[in-house]
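Shown next: my_file26.csv, given as CSV, C-alpha atoms.
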chain,number,residue,atom,x,y,z
A,1,MET,CA,0.0,0.0,0.0
A,2,SER,CA,1.3,3.5,-0.8
A,3,THR,CA,1.3,6.4,1.5
A,4,ILE,CA,0.7,10.0,0.6
A,5,THR,CA,1.3,12.8,3.1
A,6,LEU,CA,-1.3,15.6,2.6
A,7,ASP,CA,-0.9,19.3,2.9
A,8,GLN,CA,-2.9,20.9,5.7
A,9,SER,CA,-5.6,22.3,3.3
A,10,LEU,CA,-6.4,18.9,1.9
A,11,ALA,CA,-6.2,17.2,5.3
A,12,ASN,CA,-8.7,19.7,6.6
A,13,GLN,CA,-11.1,19.0,3.7
A,14,LEU,CA,-10.9,15.3,4.1
A,15,ALA,CA,-11.4,15.6,7.9
A,16,GLY,CA,-14.8,17.1,7.1
A,17,CYS,CA,-15.9,14.1,5.1
A,18,LYS,CA,-18.6,12.1,6.9
A,19,GLY,CA,-18.8,9.1,4.6
A,20,LEU,CA,-17.3,7.5,1.5
A,21,THR,CA,-16.1,10.3,-0.7
A,22,VAL,CA,-15.0,10.4,-4.4
A,23,LEU,CA,-11.7,12.2,-5.0
A,24,ARG,CA,-11.4,14.0,-8.4
A,25,GLY,CA,-8.5,15.7,-10.0
A,26,PRO,CA,-8.5,19.3,-11.3
A,27,GLY,CA,-10.0,18.2,-14.6
A,28,GLY,CA,-12.8,16.3,-12.9
A,29,THR,CA,-11.4,12.8,-13.5
A,30,VAL,CA,-11.9,10.3,-10.7
A,31,LEU,CA,-8.7,9.6,-8.8
A,32,GLY,CA,-10.2,7.3,-6.2
A,33,THR,CA,-12.2,7.2,-3.1
A,34,PHE,CA,-11.6,8.2,0.5
A,35,ASP,CA,-13.2,6.4,3.4
A,36,PRO,CA,-13.0,8.4,6.7
A,37,THR,CA,-13.4,5.2,8.8
A,38,PRO,CA,-10.2,4.7,10.6
A,39,LEU,CA,-8.2,1.5,9.7
A,40,ARG,CA,-6.5,-0.6,12.3
A,41,PHE,CA,-3.0,-1.6,11.2
A,42,TYR,CA,-1.4,-4.5,13.2
A,43,GLU,CA,2.3,-4.6,13.9
A,44,GLU,CA,4.3,-7.7,13.0
A,45,GLY,CA,3.5,-10.4,15.5
A,46,GLU,CA,0.5,-8.6,17.0
A,47,ILE,CA,-2.6,-10.7,17.1
A,48,PRO,CA,-5.8,-8.9,16.0
A,49,GLU,CA,-8.9,-9.0,18.2
A,50,PHE,CA,-11.6,-11.4,17.1
A,51,ASP,CA,-15.1,-12.3,18.1
A,52,GLU,CA,-15.4,-15.9,19.3
A,53,ALA,CA,-19.1,-15.9,18.7
A,54,GLU,CA,-18.6,-14.8,15.1
A,55,LEU,CA,-16.1,-17.6,14.5
A,56,ASP,CA,-18.6,-20.1,15.9
A,57,ARG,CA,-21.3,-18.7,13.5
A,58,ARG,CA,-19.0,-19.0,10.5
A,59,GLU,CA,-18.0,-22.6,11.4
A,60,LYS,CA,-21.7,-23.6,11.7
A,61,ARG,CA,-22.4,-21.9,8.3
A,62,ARG,CA,-19.7,-23.7,6.4
A,63,ALA,CA,-21.0,-25.4,3.3
A,64,GLY,CA,-19.5,-28.3,1.5
A,65,ILE,CA,-18.8,-32.0,2.0
A,66,PRO,CA,-16.5,-33.6,4.5
A,67,SER,CA,-13.0,-34.2,3.2
A,68,ASP,CA,-13.2,-38.0,3.6
A,69,VAL,CA,-16.2,-38.0,1.3
A,70,ALA,CA,-14.5,-35.8,-1.2
A,71,ARG,CA,-11.4,-38.0,-1.1
A,72,ARG,CA,-13.5,-41.2,-1.8
A,73,ILE,CA,-15.2,-39.4,-4.7
A,74,LEU,CA,-11.9,-38.3,-6.2
A,75,GLU,CA,-10.3,-41.8,-5.8
A,76,SER,CA,-13.3,-43.4,-7.5
A,77,LEU,CA,-12.5,-41.3,-10.6
A,78,ARG,CA,-9.2,-43.0,-11.2

Translate the structure of the given file into structure tokens.
Amino acid sequence: MSTITLDQSLANQLAGCKGLTVLRGPGGTVLGTFDPTPLRFYEEGEIPEFDEAELDRREKRRAGIPSDVARRILESLR
């Protein structure tokens, strides 16, 4: 990811954004978007926070077939 350091004027304008904002160049061409929601960057070795209940929900929602069944199907194709 690239980093751009803003001048104070642009930083003030972006600080006033309340939601996702389209950034345009002087000619009106779209340069990209700005999302004022702060991002959380993790340092190397740092473990991000996670929601145990969400992990449980995702595990129960998993779709597919058990690996032993998939293996038998694949072996039967030989």

Rounded to one decimal in Å, what is the spacing between atom CA of Lys18 of chain A and atom CA of Thr33 of chain A?
12.8 Å

What lies within 12 Å of Pro38 of chain A using all atoms listed in the file, ignoring chain neighbours under 3 positions off, as a PDB file with C-alpha atoms, keeping the file's coordinate frame?
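For reference, selection_35.pdb as written:
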ATOM      1  CA  ALA A  15     -11.400  15.600   7.900  1.00  0.00           C
ATOM      2  CA  LYS A  18     -18.600  12.100   6.900  1.00  0.00           C
ATOM      3  CA  GLY A  19     -18.800   9.100   4.600  1.00  0.00           C
ATOM      4  CA  LEU A  20     -17.300   7.500   1.500  1.00  0.00           C
ATOM      5  CA  PHE A  34     -11.600   8.200   0.500  1.00  0.00           C
ATOM      6  CA  ASP A  35     -13.200   6.400   3.400  1.00  0.00           C
ATOM      7  CA  PHE A  41      -3.000  -1.600  11.200  1.00  0.00           C
TER       8      PHE A  41
END

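For the pair atom CA of Leu14 of chain A and atom CA of Pro36 of chain A, the interatomic distance is 7.7 Å.
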
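In this model, the gap between atom CA of Gly28 of chain A and atom CA of Asp7 of chain A comes to 20.0 Å.
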
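Comparing A:Glu46, A:Arg61, A:Thr37, A:Glu75 by their smallest distance to Cys17 of chain A, the closest is A:Thr37 (using all atoms listed in the file).
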